[in-house]
Structures are given as C-alpha cells and as structure tokens.
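S.K.: I'd like to ask you about the structure that follows.
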Amino acid sequence: MLFGLDGVEVGLIIVFLCLFGGILTGFPVAFAIAGAAVMSFSIIAALDSAGVLIHHAVDSGSDAYRALTATGVHPDKISIFRYPELPTYASPVFPSGWETAIDRNISFIVNRMNERVFAGQSIETLLAVLMFVLMGITLERSKIANDLLTTMARVFGPLPGGLAVSVVVVGAFLAASTGIVGATVVTMGLLSLPTMLRNNYSPELATGVIAASGTLGQIIPPSIVIVLLGTLAGDLYSAAQEQRAAEAGCSDALTYLGEAAVVSVGTLFQAAILPGILLAMLYGLYAFGYAMFQPHKAPPIQFEDSTGEVITKRDGLTWFVMVPVLLIGGTIFASSFNVIGSQSVIVDSYSDASEAASLRTNVSEQCQASMIELHGQEKWDTAIAQQEAIEASGGAQASRLLTEEEVAQALEDKVAAAAPIGTGVAVSMLLLALVLTTARGVSPLSDPKPLIIGLGAILVALLVDVVLIGPLTSSGLSFVLLALPLLVILWACKYAAGILGKNDLLRVVFPPLVLIVAVLGSILGGITNPTPAAALGAGGAIMLAAFRKLQEEGKGGATVIQAAFAIVIMILAGINFDLRIHRGDVPAQDWIAYIVAQAAYLYAMFGVLYSCYVLYRRGVLSPVVRETAKVTSMVFTILIGSQLLNLVVISFGGEHYIQEFLRSFDSEVKVFLIVMLVLFVLGFVLDFLEIIYIVIPIVGPVIYGGTMDPKWVTIMIAVNLQTSFLTPPFGFALFYLRGVAPKEVTTGHIYRGVIPFVLIQVAGLGLLWAFPSVVTIIPNLLGH
C-alpha cells in the first residue's frame, strides 16, 4: 500500500491533482480536463503495472459475507466502510489489467458521446443552451443593459444605497433575459462601477454588489446551469430510484414510489423562480442596510428629471395599485363563480379508463414491507381497499368507444356547464384594460376620451361574448362578432401605446419584459419545453436588438413591429382554430385561419431575417454569432473532456469507492451536507461546468437515491454552484470584474467586497434548507 492508502484512494488523489494542475497551467479548461484524464490514467496504469497500487475489496465468497446476506442485507449495501470487519482480499486497481480497462473505456466513450453529445434524448435539451446563449449575447450587445441601468438608477438613486439596489434589480432582470454571468458582470462593471465610484460609493460595496448580481443568472430562469444540471439530474434520479426499488425488493421505481421517478428541466425552472427572487431580495436588503449604517459609503443620488410627466401620489395609487387590483381581483372572483371559465365542448369518443389503486398491491412480501415502511400502513390499507373495490366491480375497465347517445349526452352536459365568458376572451380583455388604465396613470393630463372609449369597447366585447357567443358558436363567427369592438379597443391601445412610450421606465423595461414573459411563460405554463422556448427567445432577442438599432438610426422599425404582431396572430390562429387541413372535412373558417396563420408565419420569418440583416449591417450579428459559437463550443468540449475524466475514475473503481463511502453514513442528511460542503470548497478552484460534469455524476446516484425531493436537491446544488463564480481566489465573476474595473479598484477591494455576498448565499442556502417549500410550492401549484 502506497503511503498506507488504498490503491483506489491513491488513484483518486492522482486524478484530482492532475485536474487542478491542468487548470492552473492556464490552458483552456476544456482541453485541460481532457489532458488531465489522459495523464492521470497513464500514471495510475503505470503504478498499477508496477504493483504499487493495491485495492482491498470485500471477499464476497467468505462465510462472514454469506452469513450477512442471509440476514436479509442487500449485497449493494455491503461495503468495507459499513462492515469493516468482513474479510477482504488484495487486488490491483485494474483487476484485468489496464489494457482491458482502456479498451472498455474507448468502447464506452463512443457510446456515451453518441448518447450525450451527438444524439439521444438529452441533445434536444442541450440545444436550449445554444439558444439561450444566443439570446443573452444578443440582448447584451444591443445595449439594453445600458438603458436598464440608467433608468433603474434614476428610479432608485434617491434612496440610501439606491445605486447598489438598482444594480441588483438590473442584475435580476438581465439574469431572467440572458442567463450569462460573464456578459452581465462585464456590462454592469463597465456601466455602473464608474458611476458608483464617482458618487463616493465604497469600492467594496460597489464591486461586491456587481459581482454578486451578475451571478444571479446562474439560478434565475432561464438558467444555463439549470438546463445542464437538469439533464443530468433527470437521468441520475431515475437510475438511483430504480436501484433503490431493487434494494427494497420491488420490480421498479413506479411500483415502489407510487409515481414515476421523473424530473424535467421545465419543472426545475419552476422550482428556481422563488429561490432566485429570494437571493436578489437578500442582496438588495444588504445594500440598503449597508447604506443605512454607513450612509457616507453609499449616499443617495439625485439624477436629473426624466422626460415623463409628473404624477401625484393620488394618481399613482389609483391607477397603478387600486385599479389593477380591482381588475385582476374581479377577474379571479368571477372565475371562482364560473362566470369566467372554459367554454370547450370537445367530447372524447372514448370513455375514461377506470382509475387504478393509489399503490400497486400485487407485489412480493419484501416489496410490501418496504412500501409500508415508505408510505405508511394507512396509505397501504387504502390502496388495498381501492383494489378490492375495483375487483368487486369487475376489475379495471379499459376505455371503450362511446355510443352516439352517450356522446350527445356528454356534449349537452359540457354546454350546460360552460361559463358565460371564455377564459381566453377574459384574459385578453384584462390585459388590454391594464394597458389602457396604465396609460391613464402615466399621463393624467392627456385626453382621456380615447381611453374611455377603449374601456367601453372592452365592456361591449364581454357583453357580446355573454349574449351572442355560446359554447357551440364557431370560431369564425365568434371572430366576426368581436371584430368591431376589437378594432375600437386596438385603436384605443394604439393611443395608449403612444402615451406609454413617453415614459422612460416603461419604454425601457416593457420590451425585454415581454420577451421574458413569452419565454418563461411558455415553459412554466407547460405549453412547450425549454428548447422551443429558447428558440422563441433567441428570435425575439434578434428582433428586439434590430428594433433598438433602427431607433438609433431614427427609423421607426415598423417591419419588426409588424413581424412581432404576425407571431401573435399566428399563435391566436393556432389556439382558436383547428389548422389540421389534412383531415377529412375541413370547414371554410379553418381554411381561412390556416391561410392567415401561414401568411403570418412567412411574414414573421421575413421579420427575423430582416432583423438579422439590420444587425449584420450595424456590425452586431457577426460578433454575436462568434461569441455564441465560442461559448457553446466551450460547454460541449468541457462535456466531452469531463466524460473522459469520469471514465478514468470509473475504470479503476473510484466512482464506486466514493459512493460506498457516502452510503456508509446512516443519515442521508449527513450525506447531503457532506456533498454540499465538498461542492462549496470545490467552488473555490473549479468552475460550475467542471463541477456539474465531473463531480455530480459521481455523487448523484447517492444524493438522488434517497427520500429527498429531487427538485429541492437540484436547486440547492444550483445555488451552491453559484458560489463558484464568487468565491476567492478563482471566482470567475471576480476575474471578469477585475478585467474591466478602473486602476483605483484593487483586487483586495473586490475580494473584501464579495465576502458578505458569499455569506448571504450561505444564509440563502440555510433558508432553503429550513423552508423547502420555497422551492417546491410553484411546481406543486402548477403541477395541479
């Protein structure tokens, strides 16, 4: 034994020394990881061939081992850590020789590359990374961040620590629209740091708040970290729960858990919203508290007046608080009494299959005991009673074709239960009403007549829906009946848009806010998965950047606006009409809707291409494409290199050795705390990509194989990984900021300034630990 250590332990030390050494050489990380894999394997193979590395494994053929398994202990739970008294035998770390190991690794890596990089299910999700990177870089290059910082500084500047708070707000906003830490930190460092220093802000506070706010893109959706971590978490959780079910004596995880062992990137986006907002609030509260106790280091700043109209407190309270609350509250109140609701009368031709018992009861005795231990005796008894009732009624009934009478009766029941006002019409009218009322609040001195006419037209549209439009009214006739009031409403909204455009805050915040709502709303609402949503965000960002450049040239950007409306028309046509023209009998209204949707699609594509031309002409598109290619190439190259390093660890039993060590602890809470501590320490020297692709696959089967909610586990890891950008001495956010900070700001200022925010993140982790519902409440609500 070398230095009294097990051969596998020596191999793990060699791997990590090679990894850290490769990173510290200054070579690109993606190539340093692959090089570390080759070097570490060569060193371990040489030492193993010389007979230096000896591994002591449990002797599964001994009497003591057989006696232990005879007591019911599962073989997968037996390890030298948990049962050190068991007989062992000495073997090389490569039992069949390093030649066999390398041959197996080459075969395995070809299959793994095909599954993880070039094909397979995860590649579609990984394509979202490219789209989100393109979206973020496009928005950053279009100087939207500059406008946001200027506007937010004017809003929060008069408050103590207002500039720091505005940086936090913009950081959260850019996180939700870009998700790229480097771009956010550099942009805010260039724009806000000189302003804060000129206004006598402490260099520590200024640099700390910029670096910390820039890392919010790691947790606030759409986050590249969550996309990458989510693709791993789904596979790890599924495999770990299948192994857990096997150890419990059950056939599969669905039987044992009573539910599918699945976690998706979209669900993780839902889970990350509140933690991201929580961290942003903690950052803002710290900046405000710092200014309260040391006002000379974060003084309030009075900026010049904006071009907007002066609004009294009474008008602001009325139109920005009371009226929106009444409109939204009234809509919710009406929906609770079925005044607003679904008007769908679609009837399935088949009956519903009879419900199965809440748990599978036809299982072995060992599985039954394990399920009772997991779910409780009461839930098991309930499942038994449900199964007995199903069998007494003739067994589970499969779906069957309904008769014409049953279909007619079902249709009649749906018509009777339909709400007077459809949900789509109600929500659309609510949004349009909010536009009109907000315009009134922004400019109380403007002529209110068009706004009043628009609100009246909204009431007429709702009245038309109640009186003239029923559940059986066709989409075409409904459109004709609503066309006149809708035209009046749009005329009023055009007037309102002119008013809103004069307000600096709305003019700057509204366009990217619409893009964020479109991307996140489509994911969180379950309309689509992250990849199409990312494509929508990338296209929207290109159009938004082109519109910004056209405005700089003094042009209106009508083509871009019309293309955006074309996308809205296309979506509305798809929602309200059946566009499947290849079915048997297609009504004329569906043909018209299909032609309109197709024309809208073609014009939207023309708008995207025209936007690309505008950006190319202004010299923006080329650097955006180059930067996108560089970032995504780095991510995928790190993915390939990390797979090589993981295979090296697997080849000499390192992965199994670490997992056995972690499983030797009786408490999964202790295991998770150990893993979180290790991840936090590794964050000092490793980037989040290396941690995700190298460390998580090794520890994942253990931390995802217990009773903890996988959403909570993943978000806790994501928040912990966020510290890898902040922790000295190798935090990447610190390097980004150091590169753009003026000479009077030293590295010591940056390091001292970021320490309170690292402690805030630790406190945030503590809050998520104490209150897991912060993570799970939104997925649970949207899931139901």
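Naming scheme: A, B, ... for chains in displayed order of the structure tokens; residues 1 onward per chain; ligands 1 onward as shown.
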Excluding Glu204 of chain A and residues on its chain fewer than 2 positions from it, collect all residues at most 12 Å away from it, counting only C-alpha atoms, and give them as an NGL selection string.

M.R.: :A and (164 or 193 or 196-197 or 200-202 or 206-212 or 287 or 290 or 297-298 or 744-757)

S.K.: Show which residues sit within 8 Å of Val740 of chain A, as a PDB file with C-alpha atoms, in the first residue's frame. Count only C-alpha atoms, and ignore same-chain residues fewer than 4 positions away.

M.R.:
ATOM      1  CA  VAL A 186     -18.708  42.893 -17.583  1.00  0.00           C
ATOM      2  CA  GLY A 189     -18.925  46.689 -14.351  1.00  0.00           C
ATOM      3  CA  LEU A 190     -18.341  48.981 -17.323  1.00  0.00           C
ATOM      4  CA  TYR A 736     -14.478  39.327 -15.176  1.00  0.00           C
TER       5      TYR A 736
END

S.K.: Considering only C-alpha atoms, can you say which of A:Ala239, A:Ala64, A:Ala34, A:Ala272 comes closest to Leu639 of chain A?

M.R.: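 Using only C-alpha atoms, Leu639 of chain A sits closest to A:Ala34.
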
S.K.: Between A:Cys250, A:Leu550, A:Leu726, A:Ala417, which has the minimum distance to Gly341 of chain A (counting only C-alpha atoms)?

M.R.: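 Of all the options, A:Ala417 lies closest to Gly341 of chain A.
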
S.K.: For Glu373 of chain A, which residue among A:Val435, A:Leu257, A:Leu520, A:Leu126 is the nearest when counting only C-alpha atoms?

M.R.: A:Leu257

S.K.: Near segment 666-683 of chain A, within 7 Å and counting only C-alpha atoms, which residues show up once chain neighbours fewer than 3 positions away are dropped, as a ChimeraX atom specification?

M.R.: /A:662,686-687,703,706,720-721,723-724,727

S.K.: Pick from A:Val170, A:Ile33, A:Val129, A:Thr437: nearest to Asn146 of chain A, with only C-alpha atoms counted?

M.R.: A:Val170

S.K.: Which residues in segment 518-686 of chain A does DSSP call helix (DSSP H, G or I)? List them as number ranges by chain.

M.R.: A: 518-524, 530-552, 558-576, 588-617, 621-651, 654-663, 668-682

S.K.: I'd like the neighbourhood of Glu552 of chain A as an MDAnalysis selection string, where a residue qualifies if any of its atoms comes within 12 Å (using only C-alpha atoms), though same-chain residues fewer than 5 positions away should be ignored.

M.R.: chainID A and resid 142:143 545:547 557 614 618

S.K.: For Met135 of chain A, which residue out of A:Pro222, A:Gly441, A:Gly230, A:Gly424 is the nearest one, using only C-alpha atoms?

M.R.: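 Ranking A:Pro222, A:Gly441, A:Gly230, A:Gly424 by distance to Met135 of chain A, first place goes to A:Pro222.
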
S.K.: If you measure from atom CA of Ala426 of chain A to atom CA of Gly329 of chain A, what distance in Å do you get, rounded to one decimal?

M.R.: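 The value is 12.6 Å.
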
S.K.: Between A:Val167, A:Leu477, A:Ala32, A:Leu609, which one has atoms that come closest to Glu690 of chain A, using only C-alpha atoms?

M.R.: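 With only C-alpha atoms as the atom set, the closest residue is A:Ala32.
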
S.K.: Would you work out the distance separating atom CA of Ile777 of chain A from atom CA of Thr528 of chain A, expressed in Å to one decimal?

M.R.: 20.7 Å

S.K.: Would you mind listing what lies within 12 Å of Phe320 of chain A as a ChimeraX atom specification, with only C-alpha atoms counted and same-chain residues fewer than 6 positions away left out?

M.R.: /A:311-314,326-327,434-444

S.K.: Within 12 Å of Pro779 of chain A, counting only C-alpha atoms, which residues show up once you throw out same-chain ones fewer than 4 positions away? Write them as an NGL selection string, please.

M.R.: :A and (263-274 or 523-526 or 709-712 or 773-775 or 783-784)

S.K.: To one decimal place, how far is atom CA of Val685 of chain A from atom CA of Leu24 of chain A in Å?

M.R.: 9.1 Å
